[in-house]
Amino acid sequence: MKKALEFEIHDRLPGALARTGTITTPHGIIQTPAFIPVGTKATLKALTPEQLSETGAQAVLANAYHLYLRPGHDIIDQAGGLNEFMHWDKPTFTDSGGFQVMSLGVGFKKIIDMDGKTDERPLGKKEKLAWIDNDGVKFKSHLDGSMHKFTPELSMQIQHGIGADITFAFDELTTLHHNYEYQVESLHERTHPWAVRSLVEHQRLNEVRTHRPPQALFGVVQGANYEDLRRECSKFLGAMDFDGYGLGGAFTKENIGEITGWMCQELPENKPRHMLGISEPDDIFDCIENGADTFDCVSPARVGRNGALYTKFGRVNVTRAQYATDFTSFDADCDCYTCQNFTSAYLHHLFKSGELLSNTLATIHNERFIIRLVDDIRRSISDGTFYDFKQVFLNNYYSK
RNA sequence: GCUGGAAUCGUGUAGUGGCAAUCACGGGAGACUGUAAAUCUCCUGCCUUUCGGCUUCGUAGGUUCGAGUCCUACUUCCAGCA
C-alpha cells in the first residue's frame, strides 16, 4: 500500500533535539518546524483559503467533533473530502475530538497552568456536556443538546470521512487539576487502549477506502506533567505503528520544554511530532528545541478576533485608546497584507465599530506573525543561529 | 396661544412616599494556548492606597417623620389642537 506520510530530517541542532525536516503528504509537503493554523469547522474563521495561504500556512487543522455534528462527516465525504469541500489544496490535519473530552467535560480554564496555582475556575460554562468511561465519551451536543457517543473507532471513521492527510488517535486530555492516580488511570485505561483501537480501526479504514489517498495517524502522548507517565506513554505509543505523534495534554508552562524533551527522547526519531495547541512564542522555542516539529493553535486567530495583535515586543490590544490616532503601520517590520496596507488607527476603528474586516485583518497579521516566527526558527536551526535568535526574540518579546 | 405629557450617570432608560441609581449602549482596561469564543471579565458621579467618606433625580418653593416619587410656580423639551 502507498505510504500515507513520509518524514525526512534535514538539519539538527547540536546538543538538543531540534531538527528541520520535510513531511510529505498526498496533498503536498510541510517544511518543519511549522505552525499549522486551526480551521475547526473547515474554515479558518474570517479568512478565505487564499488569504490563509498568503500568510504562509502550509497546512490547516480541522476538528472531528465539530464537523461530525455539522455538517456531518458523511457530507464532507460526499463532497470529495476536506480539501475539496473547503477549497484548500495543501495538507490537512484533523483533531480526534479528544480535546472536547476535556473542554466539554471538565472545562477548566487552564490547560497550561501559568504559575502552578490550583485555579479551578470553570470556563464560564454552566453545564457539563461530556462523560467519560473506558469505552469512550458521551457528549451532549453544544448545538442542540442531543446525546452522542464518541469511541476511538467512531473518531477514526469520522476522520476518514473528513479525509484529512494527518489524523489523531482519540485520547483523553487530562488537566493539571487531576491527581496522579487519575492520570495513571486515564493513561492505562483510556489513552493507551484507545490508541490501540484507533490504530486498528485506522488501518482497516485505509485498506477499505481505496478510492481515497491513504491517511496518516498520529498517536497522542499524555501524562500531564509527570515524567514517568510521559516517558511510559511515549514508549508505549512509540512501539506502535503510528506515522507520527501528537504531544498533547496539560503542561506546566515553566517546564513545557522539559516535558517535551521527556517525550521526544523516548519517541522514534524518524517520525514527526506535532505539539497540540501551543503557539506562545516562548513555548514554541522551548518545544522545538526539545524535538517538536509542528504546532497548531487557535490562539493567533482567536486573540486576533478579540483585538490582540502580536508584535515583536509582545501581544497588544489594538483596541487601546492610544491607537485611535496612530496613523502608522501597526508593525512596520511585518510583511503581512494588514501591516503593509493599513494603519493602527484604521484597525482600531474597525474593532471599535465591530466591522467584520477587523477579524480578517487581525487574523491575517497574527497567523503570519506566528508562521513567520516558526519559519525563522527553522532557518535558524539550519544555519546554526538558533540560540542567538531565540535570545534576541524572547528578550524583545517579553521586555515589557 | 391652548391642552396634555416629559425632565434621573456621557446617551437611552428603571425606579410611584422609606438608604437613588436598574438595564442597555457609549467609554476605559484586561484576558484568551489540540475553538461551546467576532467571546469573556473588571471598571465607568466625586474624594480616598485601603477601610470608607461625600454628592447628586431641570430650577425655586411647599406638603410630610421622610420626596426622584405628592403639590405650586418657573424653565426647557415633546405631542396634539389653534
# chains A, B, ... in the order shown; residues from 1 in each chain; ligands from 1
>>> closest_atom_pairs(of="chain A", to="chain B", cutoff="9 Å", atoms="only C-alpha atoms (C1' of nucleotides)", output="JSON lines")
{"residue": "A:Val38", "atom": "CA", "partner": "B:U35", "partner_atom": "C1'", "distance": 8.3}
{"residue": "A:Gly39", "atom": "CA", "partner": "B:U35", "partner_atom": "C1'", "distance": 8.5}
{"residue": "A:Thr40", "atom": "CA", "partner": "B:U35", "partner_atom": "C1'", "distance": 6.5}
{"residue": "A:Lys41", "atom": "CA", "partner": "B:U35", "partner_atom": "C1'", "distance": 9.0}
{"residue": "A:Ala46", "atom": "CA", "partner": "B:A38", "partner_atom": "C1'", "distance": 8.8}
{"residue": "A:Asn63", "atom": "CA", "partner": "B:G34", "partner_atom": "C1'", "distance": 8.8}
{"residue": "A:Asp95", "atom": "CA", "partner": "B:G34", "partner_atom": "C1'", "distance": 6.4}
{"residue": "A:Ser96", "atom": "CA", "partner": "B:G34", "partner_atom": "C1'", "distance": 8.7}
{"residue": "A:Gly97", "atom": "CA", "partner": "B:G34", "partner_atom": "C1'", "distance": 8.7}
{"residue": "A:Gly98", "atom": "CA", "partner": "B:G34", "partner_atom": "C1'", "distance": 8.1}
{"residue": "A:Phe99", "atom": "CA", "partner": "B:G34", "partner_atom": "C1'", "distance": 6.0}
{"residue": "A:Ser103", "atom": "CA", "partner": "B:A36", "partner_atom": "C1'", "distance": 8.7}
{"residue": "A:Leu104", "atom": "CA", "partner": "B:A36", "partner_atom": "C1'", "distance": 7.6}
{"residue": "A:Lys110", "atom": "CA", "partner": "B:U33", "partner_atom": "C1'", "distance": 8.8}
{"residue": "A:Ile111", "atom": "CA", "partner": "B:U33", "partner_atom": "C1'", "distance": 7.8}
{"residue": "A:Ile112", "atom": "CA", "partner": "B:U33", "partner_atom": "C1'", "distance": 7.3}
{"residue": "A:Leu123", "atom": "CA", "partner": "B:C40", "partner_atom": "C1'", "distance": 9.0}
{"residue": "A:Gly124", "atom": "CA", "partner": "B:C40", "partner_atom": "C1'", "distance": 7.9}
{"residue": "A:Lys125", "atom": "CA", "partner": "B:A36", "partner_atom": "C1'", "distance": 8.4}
{"residue": "A:Ser141", "atom": "CA", "partner": "B:A36", "partner_atom": "C1'", "distance": 8.9}
{"residue": "A:His142", "atom": "CA", "partner": "B:A36", "partner_atom": "C1'", "distance": 5.5}
{"residue": "A:Leu143", "atom": "CA", "partner": "B:A36", "partner_atom": "C1'", "distance": 7.8}
{"residue": "A:Gly246", "atom": "CA", "partner": "B:G34", "partner_atom": "C1'", "distance": 8.8}
{"residue": "A:Gly248", "atom": "CA", "partner": "B:G34", "partner_atom": "C1'", "distance": 7.1}
{"residue": "A:Gly249", "atom": "CA", "partner": "B:G34", "partner_atom": "C1'", "distance": 8.4}
{"residue": "A:Met275", "atom": "CA", "partner": "B:G34", "partner_atom": "C1'", "distance": 8.1}
{"residue": "A:Leu276", "atom": "CA", "partner": "B:G34", "partner_atom": "C1'", "distance": 4.4}
{"residue": "A:Gly277", "atom": "CA", "partner": "B:G34", "partner_atom": "C1'", "distance": 4.4}
{"residue": "A:Ile278", "atom": "CA", "partner": "B:U33", "partner_atom": "C1'", "distance": 4.8}
{"residue": "A:Ser279", "atom": "CA", "partner": "B:U33", "partner_atom": "C1'", "distance": 5.9}
{"residue": "A:Glu280", "atom": "CA", "partner": "B:U33", "partner_atom": "C1'", "distance": 6.6}
{"residue": "A:Asp296", "atom": "CA", "partner": "B:G34", "partner_atom": "C1'", "distance": 6.9}
{"residue": "A:Cys297", "atom": "CA", "partner": "B:U33", "partner_atom": "C1'", "distance": 6.4}
{"residue": "A:Val298", "atom": "CA", "partner": "B:U35", "partner_atom": "C1'", "distance": 6.2}
{"residue": "A:Ser299", "atom": "CA", "partner": "B:U33", "partner_atom": "C1'", "distance": 5.9}
{"residue": "A:Arg302", "atom": "CA", "partner": "B:A37", "partner_atom": "C1'", "distance": 7.3}
{"residue": "A:Val303", "atom": "CA", "partner": "B:C32", "partner_atom": "C1'", "distance": 6.0}
{"residue": "A:Arg305", "atom": "CA", "partner": "B:A38", "partner_atom": "C1'", "distance": 5.9}
{"residue": "A:Asn306", "atom": "CA", "partner": "B:A38", "partner_atom": "C1'", "distance": 7.2}
{"residue": "A:Arg320", "atom": "CA", "partner": "B:A29", "partner_atom": "C1'", "distance": 8.2}
{"residue": "A:Ala321", "atom": "CA", "partner": "B:G28", "partner_atom": "C1'", "distance": 8.2}
{"residue": "A:Gly354", "atom": "CA", "partner": "B:A38", "partner_atom": "C1'", "distance": 7.6}
{"residue": "A:Glu355", "atom": "CA", "partner": "B:A38", "partner_atom": "C1'", "distance": 8.6}
{"residue": "A:Leu356", "atom": "CA", "partner": "B:A38", "partner_atom": "C1'", "distance": 7.0}
{"residue": "A:Ser358", "atom": "CA", "partner": "B:A38", "partner_atom": "C1'", "distance": 8.5}
{"residue": "A:Asn359", "atom": "CA", "partner": "B:A38", "partner_atom": "C1'", "distance": 6.5}
>>> select_by_dssp(residues="segment 142-375 of chain A", states="alpha helix (DSSP H)", output="PyMOL selection string")
chain A and resi 152-162+180-186+192-208+227-238+256-266+281-289+299-305+337-341+344-353+356-375
>>> select_by_dssp(residues="segment 306-348 of chain A", states="strand (DSSP E or B)", output="PDB file with C-alpha atoms, in the first residue's frame")
ATOM      1  CA  ALA A 308      -4.977  41.469  20.365  1.00  0.00           C
ATOM      2  CA  LEU A 309      -2.166  41.564  17.819  1.00  0.00           C
ATOM      3  CA  TYR A 310       1.329  40.142  18.084  1.00  0.00           C
ATOM      4  CA  THR A 311       4.322  42.431  17.927  1.00  0.00           C
ATOM      5  CA  GLY A 314       4.632  41.230  22.885  1.00  0.00           C
ATOM      6  CA  ARG A 315       0.923  40.978  22.320  1.00  0.00           C
ATOM      7  CA  VAL A 316      -1.008  44.254  22.457  1.00  0.00           C
ATOM      8  CA  ASN A 317      -4.650  45.187  22.247  1.00  0.00           C
ATOM      9  CA  SER A 329       1.509  50.757  10.284  1.00  0.00           C
ATOM     10  CA  THR A 343      -2.734  51.891   9.916  1.00  0.00           C
TER      11      THR A 343
END
>>> atom_distance(atom1="atom CA of His66 of chain A", atom2="atom CA of Asn225 of chain A")
28.2 Å
>>> residues_around(residues="Asp293 of chain A", least_positions_apart="2", cutoff="6 Å", atoms="only C-alpha atoms (C1' of nucleotides)", output="list in words")
Thr32, Pro33, Arg273 and His274 of chain A
>>> residues_around(residues="Thr92 of chain A", least_positions_apart="2", cutoff="8 Å", atoms="only C-alpha atoms (C1' of nucleotides)", output="list in words")
His27, Ala59, Val60, Leu61, Ala62, Leu82, Asn83, Lys90, Thr94, Ala164, Asp165 and Ile166 of chain A
>>> residues_around(residues="A24 of chain B", least_positions_apart="2", cutoff="12 Å", atoms="only C-alpha atoms (C1' of nucleotides)", output="PDB file with N, CA and C atoms (P, O5', C5', C4', C3', O3' and C1' of nucleotides), in the first residue's frame")
ATOM      1  P     U B  11     -25.974  63.003  29.036  1.00  0.00           P
ATOM      2  O5'   U B  11     -26.450  61.927  27.966  1.00  0.00           O
ATOM      3  C5'   U B  11     -26.342  62.203  26.572  1.00  0.00           C
ATOM      4  C4'   U B  11     -26.835  61.023  25.776  1.00  0.00           C
ATOM      5  C3'   U B  11     -28.170  60.452  26.213  1.00  0.00           C
ATOM      6  O3'   U B  11     -29.264  61.177  25.676  1.00  0.00           O
ATOM      7  C1'   U B  11     -26.635  58.684  25.971  1.00  0.00           C
ATOM      8  P     G B  12     -30.642  61.283  26.540  1.00  0.00           P
ATOM      9  O5'   G B  12     -31.272  59.836  26.374  1.00  0.00           O
ATOM     10  C5'   G B  12     -31.626  59.370  25.071  1.00  0.00           C
ATOM     11  C4'   G B  12     -32.047  57.925  25.143  1.00  0.00           C
ATOM     12  C3'   G B  12     -33.084  57.596  26.206  1.00  0.00           C
ATOM     13  O3'   G B  12     -34.388  57.955  25.799  1.00  0.00           O
ATOM     14  C1'   G B  12     -31.367  55.978  26.247  1.00  0.00           C
ATOM     15  P     U B  13     -35.584  58.039  26.912  1.00  0.00           P
ATOM     16  O5'   U B  13     -35.591  56.543  27.476  1.00  0.00           O
ATOM     17  C5'   U B  13     -36.103  56.260  28.764  1.00  0.00           C
ATOM     18  C4'   U B  13     -35.640  54.881  29.181  1.00  0.00           C
ATOM     19  C3'   U B  13     -36.131  54.467  30.557  1.00  0.00           C
ATOM     20  O3'   U B  13     -37.410  53.850  30.463  1.00  0.00           O
ATOM     21  C1'   U B  13     -33.798  54.122  30.404  1.00  0.00           C
ATOM     22  P     A B  14     -38.488  54.173  31.624  1.00  0.00           P
ATOM     23  O5'   A B  14     -37.917  53.335  32.861  1.00  0.00           O
ATOM     24  C5'   A B  14     -37.859  51.923  32.763  1.00  0.00           C
ATOM     25  C4'   A B  14     -37.260  51.312  34.000  1.00  0.00           C
ATOM     26  C3'   A B  14     -37.904  51.694  35.338  1.00  0.00           C
ATOM     27  O3'   A B  14     -39.123  51.024  35.552  1.00  0.00           O
ATOM     28  C1'   A B  14     -35.546  51.558  35.531  1.00  0.00           C
ATOM     29  P     U B  22     -27.217  50.534  39.878  1.00  0.00           P
ATOM     30  O5'   U B  22     -27.946  49.321  39.175  1.00  0.00           O
ATOM     31  C5'   U B  22     -28.996  48.630  39.865  1.00  0.00           C
ATOM     32  C4'   U B  22     -30.072  48.184  38.915  1.00  0.00           C
ATOM     33  C3'   U B  22     -29.606  47.810  37.515  1.00  0.00           C
ATOM     34  O3'   U B  22     -29.090  46.493  37.495  1.00  0.00           O
ATOM     35  C1'   U B  22     -31.537  49.155  37.363  1.00  0.00           C
ATOM     36  P     G B  26     -21.775  49.871  22.319  1.00  0.00           P
ATOM     37  O5'   G B  26     -21.311  51.331  22.759  1.00  0.00           O
ATOM     38  C5'   G B  26     -21.542  52.449  21.910  1.00  0.00           C
ATOM     39  C4'   G B  26     -21.140  53.716  22.620  1.00  0.00           C
ATOM     40  C3'   G B  26     -19.727  53.726  23.185  1.00  0.00           C
ATOM     41  O3'   G B  26     -18.756  54.003  22.200  1.00  0.00           O
ATOM     42  C1'   G B  26     -21.202  54.506  24.827  1.00  0.00           C
TER      43        G B  26
END
>>> atom_distance(atom1="atom CA of Asp243 of chain A", atom2="atom CA of Ile36 of chain A")
17.5 Å
